[in-house]
Amino acid sequence: MLNLHGHTILLASHSPRRRELLQGLGLPFRSVSVEADESYPETLREGDIPMYIARAKARAYATLSPTEILLTADTIVWSEGTMLGKPTNEDDARRMLHMLSGRTHQVYTAVCMNWLDANGVCHDESIVDKTDVTFRPLTDEEIDYYITTFRPLDKAGAYGIQEWIGYVGVTGINGCYFNVMGLPLQPLYAMLKNWSLHYNA
C-alpha cells in the first residue's frame with residue numbers, strides 16, 4: 001500500500017471506468033468535476049494530443065489544496081494517421097468502427113498529476129501510455145448491434161474493449177489492457193510510488 005503522506009487523490013474525470021480502475025488500486029480518492037477546453041493544436045499527433053488535453057484539464061482545476069493530489073487524464077484512438085475521439089452521433093460511431101474493422105490501431109492515454117509542495121508551489125508529472133489493439137473484420141450487422149445496444153457515444157473510438165465488441169471483435173492487444181479502458185494502471189502506480197518515495201525529500 002502506498003503512503004500518500006496524508007494526501008487525498010482527486011480524480012478529475014466523469015468516467016465511471018476510470019473511477020472503477022482507480023478504486024482497484026486500493027487508494028483513497030474522490031471524484032471532482034473540471035470543465036476545460038479540450039481543443040488542441042492541429043499540429044499535434046498521437047500521444048501528444050491526450051497529453052495536451054490532460055494538462056489543460058489540470059490547469060482548469062484552480063482549487064488544489066496542500067493535502068491533495070490532482071489526477072487528470074485523456075484517452076484517444078489513433079488509426080491510419082487520424083485521431084478518433086468520442087463520436088458525435090451514431091453515424092459517426094459507425095464511421096469510426098468501420099475504420100477500425102480489420103486493422104490494428106493505437107490507444108493513447110495521458111495522465112497528469114499535480115500537487116503543491118510545503119511552500120505552495122505547484123508541481124506536475126505526466127505520463128502517456130500506448131496500446132496496440134487489433135480488430136478482426138466486423139460486419140455491418142455487428143457494428144449496428146453494438147451501437148444500438150451499448151450506445152458507445154461516450155467512448156474514444158466508439159468502443160469499449162470491456163464490452164461486447166471487445167469480446168467478439170478484438171483479436172490482439174499489445175500493451176496495457178487498462179490503458180484502453182482509460183487509465184494505464186501500472187504506469188500510474190509507478191508514478192504515485194515514485195512521488196511517495198521522494199515526497200519532501
# chains A, B, ... in the order shown; residues from 1 in each chain; ligands from 1
>>> residues_around(residues="Ile165 of chain A", least_positions_apart="3", cutoff="10 Å", atoms="only C-alpha atoms", output="list in words")
Leu97, Phe135, Leu138, Glu142, Ile143, Tyr145, Tyr146, Ile147, Phe150, Tyr159, Gly160, Ile161, Gln162, Val168, Gly169 and Val170 of chain A
>>> residues_around(residues="segment 52-55 of chain A", least_positions_apart="6", cutoff="9 Å", atoms="only C-alpha atoms", output="ChimeraX atom specification")
/A:36-41,44,71-75,110-113,126
>>> select_by_dssp(residues="chain A", states="alpha helix (DSSP H)", output="PyMOL selection string")
chain A and resi 16-24+48-60+90-100+140-150+164-169+177-181+185-198
>>> write_last_selection(atoms="C-alpha atoms", output="short mmCIF file (atom, residue, chain, number, x, y, z; two decimals), in the first residue's frame")
data_model
loop_
_atom_site.label_atom_id
_atom_site.label_comp_id
_atom_site.auth_asym_id
_atom_site.auth_seq_id
_atom_site.Cartn_x
_atom_site.Cartn_y
_atom_site.Cartn_z
CA PRO A 16 -17.14 5.61 -14.40
CA ARG A 17 -14.48 3.35 -15.90
CA ARG A 18 -11.63 5.50 -14.58
CA ARG A 19 -13.25 5.61 -11.15
CA GLU A 20 -13.59 1.82 -11.15
CA LEU A 21 -9.98 1.31 -12.22
CA LEU A 22 -8.52 3.74 -9.67
CA GLN A 23 -10.63 2.13 -6.96
CA GLY A 24 -8.99 -1.16 -7.88
CA ASP A 48 0.89 14.41 -27.75
CA ILE A 49 -2.86 15.02 -28.17
CA PRO A 50 -4.12 13.42 -24.92
CA MET A 51 -1.11 14.84 -23.07
CA TYR A 52 -2.06 18.36 -24.17
CA ILE A 53 -5.69 17.84 -23.12
CA ALA A 54 -4.84 16.20 -19.77
CA ARG A 55 -2.62 19.18 -18.91
CA ALA A 56 -5.37 21.59 -19.98
CA LYS A 57 -7.75 19.82 -17.59
CA ALA A 58 -5.19 20.19 -14.78
CA ARG A 59 -4.82 23.91 -15.44
CA ALA A 60 -8.61 24.31 -15.34
CA GLU A 90 -24.47 7.07 -34.19
CA ASP A 91 -23.39 7.69 -37.78
CA ASP A 92 -20.06 8.99 -36.55
CA ALA A 93 -19.70 5.89 -34.36
CA ARG A 94 -20.35 3.68 -37.40
CA ARG A 95 -17.72 5.58 -39.37
CA MET A 96 -15.15 5.04 -36.61
CA LEU A 97 -15.85 1.33 -36.18
CA HIS A 98 -15.60 0.78 -39.93
CA MET A 99 -12.19 2.49 -39.80
CA LEU A 100 -11.05 0.13 -37.02
CA ASP A 140 -22.36 -4.10 -40.69
CA GLU A 141 -24.81 -6.08 -38.57
CA GLU A 142 -22.30 -6.44 -35.73
CA ILE A 143 -21.48 -2.74 -35.79
CA ASP A 144 -25.16 -1.76 -35.81
CA TYR A 145 -25.97 -4.17 -32.98
CA TYR A 146 -23.15 -2.84 -30.82
CA ILE A 147 -24.03 0.81 -31.36
CA THR A 148 -27.77 0.26 -30.80
CA THR A 149 -27.33 -1.94 -27.73
CA PHE A 150 -24.37 -0.34 -25.96
CA TRP A 164 -19.44 -7.00 -26.26
CA ILE A 165 -17.45 -5.57 -29.17
CA GLY A 166 -14.23 -6.35 -27.33
CA TYR A 167 -15.33 -9.88 -26.54
CA VAL A 168 -16.17 -10.76 -30.15
CA GLY A 169 -14.03 -8.38 -32.19
CA TYR A 177 -5.35 -3.52 -21.32
CA PHE A 178 -6.45 -0.98 -18.70
CA ASN A 179 -4.95 1.80 -20.80
CA VAL A 180 -7.57 1.01 -23.44
CA MET A 181 -10.25 1.37 -20.76
CA LEU A 185 -2.73 1.41 -14.03
CA GLN A 186 0.84 0.12 -13.89
CA PRO A 187 2.49 3.36 -15.12
CA LEU A 188 0.15 5.37 -12.87
CA TYR A 189 1.01 3.25 -9.83
CA ALA A 190 4.72 3.64 -10.60
CA MET A 191 4.32 7.43 -10.84
CA LEU A 192 2.49 7.59 -7.50
CA LYS A 193 5.05 5.28 -5.89
CA ASN A 194 7.90 7.49 -7.09
CA TRP A 195 6.10 10.54 -5.70
CA SER A 196 5.60 8.77 -2.35
CA LEU A 197 9.28 7.81 -2.10
CA HIS A 198 10.52 11.30 -2.87
#
>>> residues_around(residues="Gly81 of chain A", least_positions_apart="2", cutoff="10 Å", atoms="only C-alpha atoms", output="list of chain:residue names")
A:Arg45, A:Glu46, A:Trp78, A:Ser79, A:Met83, A:Leu84, A:His105
>>> decode(residues="segment 125-149 of chain A", atoms="N, CA and C atoms", output="PDB file, in the first residue's frame")
ATOM      1  N   GLU A 125       3.719  16.033 -12.865  1.00  0.00           N
ATOM      2  CA  GLU A 125       4.392  14.944 -13.566  1.00  0.00           C
ATOM      3  C   GLU A 125       3.361  14.289 -14.471  1.00  0.00           C
ATOM      4  N   SER A 126       3.776  13.915 -15.667  1.00  0.00           N
ATOM      5  CA  SER A 126       2.831  13.370 -16.638  1.00  0.00           C
ATOM      6  C   SER A 126       3.388  12.112 -17.285  1.00  0.00           C
ATOM      7  N   ILE A 127       2.485  11.229 -17.671  1.00  0.00           N
ATOM      8  CA  ILE A 127       2.852  10.032 -18.404  1.00  0.00           C
ATOM      9  C   ILE A 127       1.880   9.853 -19.561  1.00  0.00           C
ATOM     10  N   VAL A 128       2.317   9.151 -20.586  1.00  0.00           N
ATOM     11  CA  VAL A 128       1.426   8.753 -21.674  1.00  0.00           C
ATOM     12  C   VAL A 128       1.748   7.307 -22.017  1.00  0.00           C
ATOM     13  N   ASP A 129       0.711   6.519 -22.202  1.00  0.00           N
ATOM     14  CA  ASP A 129       0.884   5.096 -22.457  1.00  0.00           C
ATOM     15  C   ASP A 129       0.201   4.733 -23.770  1.00  0.00           C
ATOM     16  N   LYS A 130       0.797   3.778 -24.492  1.00  0.00           N
ATOM     17  CA  LYS A 130       0.249   3.359 -25.786  1.00  0.00           C
ATOM     18  C   LYS A 130      -0.039   1.866 -25.778  1.00  0.00           C
ATOM     19  N   THR A 131      -1.174   1.487 -26.348  1.00  0.00           N
ATOM     20  CA  THR A 131      -1.538   0.087 -26.515  1.00  0.00           C
ATOM     21  C   THR A 131      -1.994  -0.136 -27.953  1.00  0.00           C
ATOM     22  N   ASP A 132      -1.485  -1.190 -28.571  1.00  0.00           N
ATOM     23  CA  ASP A 132      -1.937  -1.565 -29.909  1.00  0.00           C
ATOM     24  C   ASP A 132      -3.102  -2.545 -29.784  1.00  0.00           C
ATOM     25  N   VAL A 133      -4.174  -2.277 -30.509  1.00  0.00           N
ATOM     26  CA  VAL A 133      -5.371  -3.134 -30.474  1.00  0.00           C
ATOM     27  C   VAL A 133      -5.721  -3.537 -31.904  1.00  0.00           C
ATOM     28  N   THR A 134      -5.959  -4.833 -32.108  1.00  0.00           N
ATOM     29  CA  THR A 134      -6.309  -5.347 -33.431  1.00  0.00           C
ATOM     30  C   THR A 134      -7.739  -5.876 -33.432  1.00  0.00           C
ATOM     31  N   PHE A 135      -8.521  -5.417 -34.399  1.00  0.00           N
ATOM     32  CA  PHE A 135      -9.880  -5.914 -34.603  1.00  0.00           C
ATOM     33  C   PHE A 135      -9.913  -6.843 -35.817  1.00  0.00           C
ATOM     34  N   ARG A 136     -10.669  -7.906 -35.741  1.00  0.00           N
ATOM     35  CA  ARG A 136     -10.985  -8.684 -36.933  1.00  0.00           C
ATOM     36  C   ARG A 136     -11.972  -7.875 -37.768  1.00  0.00           C
ATOM     37  N   PRO A 137     -12.190  -8.241 -39.018  1.00  0.00           N
ATOM     38  CA  PRO A 137     -13.219  -7.553 -39.809  1.00  0.00           C
ATOM     39  C   PRO A 137     -14.598  -7.676 -39.159  1.00  0.00           C
ATOM     40  N   LEU A 138     -15.261  -6.547 -39.005  1.00  0.00           N
ATOM     41  CA  LEU A 138     -16.586  -6.514 -38.387  1.00  0.00           C
ATOM     42  C   LEU A 138     -17.653  -6.354 -39.468  1.00  0.00           C
ATOM     43  N   THR A 139     -18.772  -7.049 -39.312  1.00  0.00           N
ATOM     44  CA  THR A 139     -19.866  -6.912 -40.272  1.00  0.00           C
ATOM     45  C   THR A 139     -20.697  -5.680 -39.940  1.00  0.00           C
ATOM     46  N   ASP A 140     -21.458  -5.226 -40.921  1.00  0.00           N
ATOM     47  CA  ASP A 140     -22.357  -4.097 -40.686  1.00  0.00           C
ATOM     48  C   ASP A 140     -23.358  -4.426 -39.584  1.00  0.00           C
ATOM     49  N   GLU A 141     -23.830  -5.664 -39.574  1.00  0.00           N
ATOM     50  CA  GLU A 141     -24.809  -6.076 -38.565  1.00  0.00           C
ATOM     51  C   GLU A 141     -24.203  -6.030 -37.159  1.00  0.00           C
ATOM     52  N   GLU A 142     -22.964  -6.469 -37.032  1.00  0.00           N
ATOM     53  CA  GLU A 142     -22.296  -6.442 -35.734  1.00  0.00           C
ATOM     54  C   GLU A 142     -22.092  -5.018 -35.251  1.00  0.00           C
ATOM     55  N   ILE A 143     -21.686  -4.145 -36.150  1.00  0.00           N
ATOM     56  CA  ILE A 143     -21.477  -2.741 -35.787  1.00  0.00           C
ATOM     57  C   ILE A 143     -22.791  -2.097 -35.374  1.00  0.00           C
ATOM     58  N   ASP A 144     -23.854  -2.335 -36.141  1.00  0.00           N
ATOM     59  CA  ASP A 144     -25.161  -1.761 -35.812  1.00  0.00           C
ATOM     60  C   ASP A 144     -25.682  -2.291 -34.476  1.00  0.00           C
ATOM     61  N   TYR A 145     -25.521  -3.582 -34.239  1.00  0.00           N
ATOM     62  CA  TYR A 145     -25.975  -4.175 -32.976  1.00  0.00           C
ATOM     63  C   TYR A 145     -25.244  -3.539 -31.799  1.00  0.00           C
ATOM     64  N   TYR A 146     -23.935  -3.407 -31.928  1.00  0.00           N
ATOM     65  CA  TYR A 146     -23.153  -2.844 -30.818  1.00  0.00           C
ATOM     66  C   TYR A 146     -23.566  -1.405 -30.532  1.00  0.00           C
ATOM     67  N   ILE A 147     -23.693  -0.607 -31.557  1.00  0.00           N
ATOM     68  CA  ILE A 147     -24.034   0.807 -31.360  1.00  0.00           C
ATOM     69  C   ILE A 147     -25.439   0.944 -30.771  1.00  0.00           C
ATOM     70  N   THR A 148     -26.388   0.175 -31.276  1.00  0.00           N
ATOM     71  CA  THR A 148     -27.766   0.259 -30.800  1.00  0.00           C
ATOM     72  C   THR A 148     -27.905  -0.242 -29.365  1.00  0.00           C
ATOM     73  N   THR A 149     -27.186  -1.303 -29.038  1.00  0.00           N
ATOM     74  CA  THR A 149     -27.332  -1.937 -27.728  1.00  0.00           C
ATOM     75  C   THR A 149     -26.513  -1.257 -26.653  1.00  0.00           C
TER      76      THR A 149
END
